[in-house]
Amino acid sequence: MSIVPAPPQHPDGPLFAEVDMGGDASAPTVRATVVQASTIFYDTPATLEKAERLLAEAAGYGSQLVVFPEAFIGGYPRGSNFGVTIGNRTAKGKEDFRKYHASAIDVPGPEVDRLAAMAGKYKVYLVMGVIERDGYTLYCTVLFFDSQGRFLGKHRKIMPTALERIIWGFGDGSTIPVFETPLGKIGAAICWENRMPLLRTAMYAKGVEIYCAPTADSRDVWQASMTHIALEGGCFVLSANQFCRRKDYPPPPEYQFFGTEEELSPDSVVCAGGSVIISPSGAILAGPNYDGEALISADLGLGEIARAKFDFDVVGHYARPEVLSLIVRDHPAKPVTFTSASEKNEDSPK
């Protein structure tokens, strides 16, 4: 693994170096990059500008697929408690949520259009972590774009973790897509939902080959999960995490890291990254990187998928459907249905 300076893509030069890894020249390859960088918190326009610079740099390396971290657009509210205790919400916490809600994006919406235009401009497939605003409910979401600048669809995190459940809604089975593309079949699961065996099984059944895992978990044990998924699914795993320092968030008292604020300086690392790319055989192709913001890249030799599946195909020859099976309810779960809509359809001329 070597550190390679990026070719200039901006008058100010590259934001940081790329971590580069070679590939297998004997098989078709896909050049993939995971972005390890911080949101500009509470400033979605500035974060979109940063995203474009990073995308331009990755494209300058020949990347065909670029994966951004969980909640890159809108921000991961690390350290916040939104003033919540059982039976009480504070006025400050409600105001924190208002600002967080204002930083989220509508899907579809102008920010989605801009991200699509970026993907088309730099001719890359783009997987982007966002905070999605649907009315007054927020979702932790991944958006998918193709290299022609088209929005392909989204995945909503189906189970937020711990206090995340206070601020994010739950996705349903209608947004667990795997997209068939010229690069391979691409899907995503977000952070700890990667630890849900049945969700992974649903993705394997859809044939995922390039498994994207945007996350906020920088612990060493996260690497074990990523390696396991690569081996279990016989797929490439691309995990992108933010690298953040305290100064990447607003200063106190506007924004507080509850329980640790007094221990932090502006340069304290509050999320150490650990972004990584792993092959279907469990080999680490690039990363994990804990050194700072980086573009972490590898060439994915797609022939390795078939070689891995020969040993173990979890929903194929290694399955035992007469003993174990899974039902996925993949229709939208709607809290309100209006019968007048169906009645109009019934009354319309045949």
# chains A, B, ... in the order shown; residues from 1 in each chain; ligands from 1
>>> residues_around(residues="Ala283 (chain A)", least_positions_apart="3", cutoff="9 Å", atoms="only C-alpha atoms", output="compact mmCIF listing (two decimals) with all heavy atoms, in the first residue's frame")
# COMPACT_ATOMS: atom_id res chain seq x y z
N THR A 227 -14.81 -8.11 7.05
CA THR A 227 -14.17 -9.31 6.51
C THR A 227 -15.16 -10.46 6.45
O THR A 227 -15.22 -11.21 5.47
CB THR A 227 -12.94 -9.69 7.35
OG1 THR A 227 -12.01 -8.60 7.34
CG2 THR A 227 -12.27 -10.94 6.80
N ALA A 230 -17.57 -10.03 3.50
CA ALA A 230 -16.92 -10.34 2.22
C ALA A 230 -16.85 -11.85 2.00
O ALA A 230 -17.16 -12.36 0.91
CB ALA A 230 -15.52 -9.72 2.19
N ILE A 277 -11.34 -1.54 2.01
CA ILE A 277 -11.86 -2.30 0.87
C ILE A 277 -11.36 -3.73 1.00
O ILE A 277 -10.16 -3.96 1.16
CB ILE A 277 -11.42 -1.69 -0.47
CG1 ILE A 277 -11.93 -0.25 -0.61
CG2 ILE A 277 -11.92 -2.54 -1.64
CD1 ILE A 277 -11.45 0.48 -1.85
N ILE A 278 -12.28 -4.70 0.94
CA ILE A 278 -11.96 -6.11 1.18
C ILE A 278 -12.47 -6.95 0.02
O ILE A 278 -13.55 -6.70 -0.52
CB ILE A 278 -12.57 -6.58 2.51
CG1 ILE A 278 -12.03 -5.72 3.67
CG2 ILE A 278 -12.26 -8.05 2.78
CD1 ILE A 278 -12.67 -6.01 5.01
N SER A 279 -11.69 -7.96 -0.36
CA SER A 279 -12.03 -8.81 -1.49
C SER A 279 -12.94 -9.96 -1.05
O SER A 279 -13.07 -10.24 0.14
CB SER A 279 -10.76 -9.39 -2.10
OG SER A 279 -10.30 -10.50 -1.33
N PRO A 280 -13.55 -10.68 -2.02
CA PRO A 280 -14.40 -11.82 -1.67
C PRO A 280 -13.66 -12.94 -0.96
O PRO A 280 -14.30 -13.80 -0.33
CB PRO A 280 -14.94 -12.29 -3.03
CG PRO A 280 -14.87 -11.08 -3.90
CD PRO A 280 -13.64 -10.35 -3.46
>>> residues_around(residues="region 241-249 of chain A", least_positions_apart="5", cutoff="8 Å", atoms="only C-alpha atoms", output="VMD selection string")
chain A and resid 35 to 41 68 to 70 72 214 to 218 255 264 to 275 290 292 to 293
>>> select_by_dssp(residues="region 49-260 of chain A", states="helix (DSSP H, G or I)", output="short mmCIF file (atom, residue, chain, number, x, y, z; two decimals) with N, CA, C and O atoms, in the first residue's frame")
data_model
loop_
_atom_site.label_atom_id
_atom_site.label_comp_id
_atom_site.auth_asym_id
_atom_site.auth_seq_id
_atom_site.Cartn_x
_atom_site.Cartn_y
_atom_site.Cartn_z
N GLU A 49 -20.17 21.17 -1.87
CA GLU A 49 -18.97 21.66 -2.56
C GLU A 49 -17.78 20.75 -2.27
O GLU A 49 -17.00 20.40 -3.17
N LYS A 50 -17.63 20.36 -1.02
CA LYS A 50 -16.55 19.46 -0.65
C LYS A 50 -16.70 18.11 -1.34
O LYS A 50 -15.73 17.53 -1.84
N ALA A 51 -17.93 17.61 -1.39
CA ALA A 51 -18.18 16.34 -2.06
C ALA A 51 -17.75 16.39 -3.52
O ALA A 51 -17.15 15.44 -4.04
N GLU A 52 -18.02 17.49 -4.18
CA GLU A 52 -17.64 17.60 -5.60
C GLU A 52 -16.13 17.62 -5.76
O GLU A 52 -15.59 17.00 -6.67
N ARG A 53 -15.43 18.31 -4.89
CA ARG A 53 -13.97 18.31 -4.96
C ARG A 53 -13.42 16.89 -4.77
O ARG A 53 -12.51 16.46 -5.49
N LEU A 54 -13.96 16.18 -3.83
CA LEU A 54 -13.50 14.82 -3.58
C LEU A 54 -13.81 13.91 -4.76
O LEU A 54 -13.00 13.06 -5.15
N LEU A 55 -15.00 14.07 -5.33
CA LEU A 55 -15.38 13.28 -6.48
C LEU A 55 -14.46 13.57 -7.68
O LEU A 55 -14.05 12.65 -8.40
N ALA A 56 -14.14 14.83 -7.86
CA ALA A 56 -13.24 15.20 -8.95
C ALA A 56 -11.86 14.57 -8.76
O ALA A 56 -11.25 14.07 -9.72
N GLU A 57 -11.36 14.57 -7.54
CA GLU A 57 -10.05 13.97 -7.27
C GLU A 57 -10.08 12.47 -7.51
O GLU A 57 -9.15 11.90 -8.11
N ALA A 58 -11.14 11.81 -7.05
CA ALA A 58 -11.26 10.37 -7.27
C ALA A 58 -11.33 10.05 -8.76
O ALA A 58 -10.69 9.10 -9.24
N ALA A 59 -12.10 10.84 -9.49
CA ALA A 59 -12.20 10.63 -10.94
C ALA A 59 -10.85 10.83 -11.61
O ALA A 59 -10.53 10.15 -12.59
N GLY A 60 -10.05 11.75 -11.06
CA GLY A 60 -8.71 11.97 -11.59
C GLY A 60 -7.81 10.76 -11.47
O GLY A 60 -6.82 10.62 -12.21
N ALA A 91 -35.87 22.31 25.54
CA ALA A 91 -36.02 23.31 24.48
C ALA A 91 -34.78 23.36 23.61
O ALA A 91 -34.87 23.49 22.38
N LYS A 92 -33.59 23.26 24.23
CA LYS A 92 -32.34 23.27 23.46
C LYS A 92 -32.28 22.05 22.53
O LYS A 92 -31.88 22.15 21.37
N GLY A 93 -32.70 20.90 23.01
CA GLY A 93 -32.69 19.70 22.18
C GLY A 93 -33.63 19.83 21.00
O GLY A 93 -33.31 19.38 19.88
N LYS A 94 -34.79 20.43 21.21
CA LYS A 94 -35.73 20.63 20.11
C LYS A 94 -35.17 21.59 19.07
O LYS A 94 -35.36 21.41 17.86
N GLU A 95 -34.46 22.60 19.54
CA GLU A 95 -33.82 23.53 18.60
C GLU A 95 -32.69 22.84 17.85
O GLU A 95 -32.50 23.07 16.65
N ASP A 96 -31.94 21.97 18.52
CA ASP A 96 -30.91 21.19 17.83
C ASP A 96 -31.52 20.35 16.71
O ASP A 96 -30.96 20.24 15.62
N PHE A 97 -32.68 19.75 16.99
CA PHE A 97 -33.33 18.95 15.95
C PHE A 97 -33.80 19.84 14.81
O PHE A 97 -33.70 19.45 13.63
N ARG A 98 -34.30 21.03 15.12
CA ARG A 98 -34.73 21.93 14.04
C ARG A 98 -33.58 22.23 13.10
O ARG A 98 -33.74 22.20 11.86
N LYS A 99 -32.39 22.52 13.65
CA LYS A 99 -31.23 22.82 12.81
C LYS A 99 -30.78 21.60 12.02
O LYS A 99 -30.38 21.70 10.86
N TYR A 100 -30.85 20.44 12.67
CA TYR A 100 -30.47 19.20 11.99
C TYR A 100 -31.45 18.91 10.85
O TYR A 100 -31.04 18.54 9.74
N HIS A 101 -32.73 19.10 11.11
CA HIS A 101 -33.76 18.92 10.09
C HIS A 101 -33.52 19.86 8.91
O HIS A 101 -33.67 19.47 7.74
N ALA A 102 -33.12 21.08 9.19
CA ALA A 102 -32.86 22.05 8.13
C ALA A 102 -31.65 21.67 7.28
O ALA A 102 -31.55 22.08 6.12
N SER A 103 -30.72 20.89 7.83
CA SER A 103 -29.53 20.46 7.10
C SER A 103 -29.78 19.23 6.25
O SER A 103 -28.93 18.87 5.42
N PRO A 110 -33.46 19.33 -4.93
CA PRO A 110 -32.36 20.00 -5.65
C PRO A 110 -30.99 19.43 -5.33
O PRO A 110 -30.11 19.39 -6.21
N GLU A 111 -30.77 18.99 -4.09
CA GLU A 111 -29.47 18.43 -3.75
C GLU A 111 -29.25 17.09 -4.45
O GLU A 111 -28.14 16.77 -4.88
N VAL A 112 -30.32 16.31 -4.60
CA VAL A 112 -30.22 15.05 -5.34
C VAL A 112 -29.90 15.34 -6.80
O VAL A 112 -29.06 14.66 -7.42
N ASP A 113 -30.54 16.35 -7.36
CA ASP A 113 -30.25 16.73 -8.75
C ASP A 113 -28.78 17.13 -8.90
O ASP A 113 -28.13 16.80 -9.90
N ARG A 114 -28.28 17.84 -7.91
CA ARG A 114 -26.88 18.26 -8.00
C ARG A 114 -25.93 17.07 -7.90
O ARG A 114 -24.94 16.99 -8.62
N LEU A 115 -26.22 16.14 -7.00
CA LEU A 115 -25.38 14.96 -6.88
C LEU A 115 -25.42 14.14 -8.18
O LEU A 115 -24.38 13.62 -8.62
N ALA A 116 -26.59 14.05 -8.79
CA ALA A 116 -26.69 13.34 -10.06
C ALA A 116 -25.84 14.02 -11.12
O ALA A 116 -25.13 13.35 -11.90
N ALA A 117 -25.89 15.34 -11.15
CA ALA A 117 -25.08 16.08 -12.12
C ALA A 117 -23.59 15.85 -11.89
O ALA A 117 -22.81 15.74 -12.84
N MET A 118 -23.17 15.78 -10.63
CA MET A 118 -21.76 15.49 -10.32
C MET A 118 -21.36 14.13 -10.87
O MET A 118 -20.29 13.97 -11.48
N ALA A 119 -22.19 13.12 -10.62
CA ALA A 119 -21.88 11.77 -11.09
C ALA A 119 -21.73 11.76 -12.61
O ALA A 119 -20.81 11.14 -13.16
N GLY A 120 -22.63 12.46 -13.30
CA GLY A 120 -22.54 12.54 -14.75
C GLY A 120 -21.33 13.32 -15.23
O GLY A 120 -20.67 12.95 -16.20
N LYS A 121 -21.03 14.41 -14.55
CA LYS A 121 -19.89 15.24 -14.95
C LYS A 121 -18.58 14.48 -14.87
O LYS A 121 -17.72 14.59 -15.76
N TYR A 122 -18.40 13.70 -13.80
CA TYR A 122 -17.14 12.99 -13.59
C TYR A 122 -17.19 11.53 -14.04
O TYR A 122 -16.22 10.80 -13.87
N GLU A 164 -29.97 6.92 17.98
CA GLU A 164 -30.34 7.25 16.60
C GLU A 164 -31.85 7.07 16.37
O GLU A 164 -32.44 7.76 15.54
N ARG A 165 -32.47 6.15 17.13
CA ARG A 165 -33.90 5.87 16.94
C ARG A 165 -34.77 7.06 17.34
O ARG A 165 -35.93 7.16 16.93
N ILE A 166 -34.22 7.96 18.14
CA ILE A 166 -34.97 9.16 18.54
C ILE A 166 -35.06 10.15 17.39
O ILE A 166 -36.06 10.86 17.25
N ILE A 167 -34.03 10.19 16.54
CA ILE A 167 -33.98 11.25 15.52
C ILE A 167 -34.21 10.75 14.11
O ILE A 167 -34.48 11.55 13.22
N GLY A 173 -38.96 -2.62 3.84
CA GLY A 173 -38.41 -3.56 2.87
C GLY A 173 -38.44 -3.08 1.43
O GLY A 173 -37.90 -3.75 0.55
N SER A 174 -39.07 -1.93 1.17
CA SER A 174 -39.16 -1.43 -0.20
C SER A 174 -37.89 -0.72 -0.66
O SER A 174 -37.75 -0.42 -1.84
N THR A 175 -36.97 -0.44 0.27
CA THR A 175 -35.73 0.25 -0.12
C THR A 175 -34.51 -0.58 0.28
O THR A 175 -33.65 -0.13 1.04
N CYS A 191 -23.93 1.00 8.44
CA CYS A 191 -23.43 0.86 9.80
C CYS A 191 -23.92 -0.45 10.43
O CYS A 191 -23.75 -1.52 9.86
N TRP A 192 -24.53 -0.41 11.60
CA TRP A 192 -24.81 -1.63 12.34
C TRP A 192 -25.89 -2.50 11.72
O TRP A 192 -26.05 -3.65 12.12
N GLU A 193 -26.65 -2.00 10.74
CA GLU A 193 -27.56 -2.93 10.09
C GLU A 193 -26.78 -3.97 9.29
O GLU A 193 -27.33 -5.01 8.91
N ASN A 194 -25.49 -3.73 9.06
CA ASN A 194 -24.63 -4.75 8.47
C ASN A 194 -24.50 -5.98 9.36
O ASN A 194 -24.09 -7.05 8.89
N ARG A 195 -24.84 -5.83 10.63
CA ARG A 195 -24.75 -6.95 11.55
C ARG A 195 -26.06 -7.75 11.63
O ARG A 195 -26.18 -8.66 12.44
N PRO A 197 -28.18 -10.49 10.15
CA PRO A 197 -28.00 -11.59 9.20
C PRO A 197 -29.08 -11.69 8.14
O PRO A 197 -28.80 -12.02 6.98
N LEU A 198 -30.34 -11.40 8.50
CA LEU A 198 -31.42 -11.56 7.54
C LEU A 198 -31.38 -10.47 6.47
O LEU A 198 -31.70 -10.72 5.30
N LEU A 199 -30.98 -9.25 6.85
CA LEU A 199 -30.81 -8.19 5.85
C LEU A 199 -29.71 -8.57 4.87
O LEU A 199 -29.85 -8.42 3.65
N ARG A 200 -28.59 -9.05 5.40
CA ARG A 200 -27.50 -9.47 4.51
C ARG A 200 -27.97 -10.58 3.57
O ARG A 200 -27.65 -10.57 2.38
N THR A 201 -28.73 -11.53 4.10
CA THR A 201 -29.21 -12.64 3.28
C THR A 201 -30.08 -12.13 2.14
O THR A 201 -30.00 -12.62 1.00
N ALA A 202 -30.93 -11.14 2.42
CA ALA A 202 -31.76 -10.56 1.37
C ALA A 202 -30.90 -9.95 0.27
O ALA A 202 -31.19 -10.10 -0.93
N MET A 203 -29.83 -9.27 0.66
CA MET A 203 -28.94 -8.66 -0.33
C MET A 203 -28.20 -9.73 -1.13
O MET A 203 -28.03 -9.61 -2.35
N TYR A 204 -27.76 -10.78 -0.46
CA TYR A 204 -27.09 -11.86 -1.18
C TYR A 204 -28.05 -12.49 -2.19
O TYR A 204 -27.65 -12.83 -3.31
N ALA A 205 -29.31 -12.65 -1.80
CA ALA A 205 -30.29 -13.25 -2.70
C ALA A 205 -30.53 -12.38 -3.93
O ALA A 205 -30.90 -12.89 -5.00
N ASP A 220 -11.92 -1.18 16.01
CA ASP A 220 -11.22 -2.29 15.38
C ASP A 220 -12.17 -3.43 15.05
O ASP A 220 -12.00 -4.12 14.04
N VAL A 221 -13.18 -3.68 15.91
CA VAL A 221 -14.07 -4.81 15.68
C VAL A 221 -14.90 -4.65 14.41
O VAL A 221 -15.41 -5.64 13.88
N TRP A 222 -15.05 -3.42 13.93
CA TRP A 222 -15.77 -3.21 12.67
C TRP A 222 -15.09 -3.96 11.53
O TRP A 222 -15.75 -4.49 10.63
N GLN A 223 -13.77 -4.02 11.57
CA GLN A 223 -13.03 -4.70 10.50
C GLN A 223 -13.40 -6.18 10.44
O GLN A 223 -13.47 -6.77 9.35
N ALA A 224 -13.63 -6.79 11.59
CA ALA A 224 -14.02 -8.20 11.61
C ALA A 224 -15.36 -8.40 10.90
O ALA A 224 -15.54 -9.37 10.15
N SER A 225 -16.30 -7.48 11.13
CA SER A 225 -17.60 -7.58 10.45
C SER A 225 -17.45 -7.46 8.95
O SER A 225 -18.08 -8.19 8.18
N MET A 226 -16.63 -6.52 8.50
CA MET A 226 -16.44 -6.31 7.06
C MET A 226 -15.80 -7.53 6.40
O MET A 226 -16.20 -7.95 5.31
N THR A 227 -14.81 -8.11 7.05
CA THR A 227 -14.17 -9.31 6.51
C THR A 227 -15.16 -10.46 6.45
O THR A 227 -15.22 -11.21 5.47
N HIS A 228 -15.94 -10.61 7.50
CA HIS A 228 -16.93 -11.69 7.53
C HIS A 228 -17.93 -11.55 6.39
O HIS A 228 -18.27 -12.54 5.71
N ILE A 229 -18.43 -10.33 6.15
CA ILE A 229 -19.42 -10.13 5.09
C ILE A 229 -18.82 -10.45 3.73
O ILE A 229 -19.47 -11.08 2.88
N ALA A 230 -17.57 -10.03 3.50
CA ALA A 230 -16.92 -10.34 2.22
C ALA A 230 -16.85 -11.85 2.00
O ALA A 230 -17.16 -12.36 0.91
N LEU A 231 -16.47 -12.59 3.05
CA LEU A 231 -16.37 -14.04 2.94
C LEU A 231 -17.75 -14.69 2.83
O LEU A 231 -17.96 -15.60 2.03
N GLU A 232 -18.67 -14.23 3.64
CA GLU A 232 -20.01 -14.80 3.66
C GLU A 232 -20.73 -14.59 2.34
O GLU A 232 -21.36 -15.50 1.79
N GLY A 233 -20.64 -13.37 1.81
CA GLY A 233 -21.37 -13.02 0.60
C GLY A 233 -20.61 -13.29 -0.68
O GLY A 233 -21.19 -13.19 -1.77
N ARG A 246 -12.86 17.40 16.58
CA ARG A 246 -13.86 18.21 17.29
C ARG A 246 -14.15 19.50 16.53
O ARG A 246 -15.31 19.95 16.47
N LYS A 247 -13.13 20.07 15.90
CA LYS A 247 -13.31 21.35 15.21
C LYS A 247 -14.14 21.22 13.93
O LYS A 247 -14.53 22.24 13.35
N ASP A 248 -14.43 20.00 13.49
CA ASP A 248 -15.29 19.82 12.33
C ASP A 248 -16.77 20.01 12.69
O ASP A 248 -17.62 20.06 11.78
#
>>> atom_distance(atom1="CA of Cys235 (chain A)", atom2="CA of Cys212 (chain A)")
10.0 Å
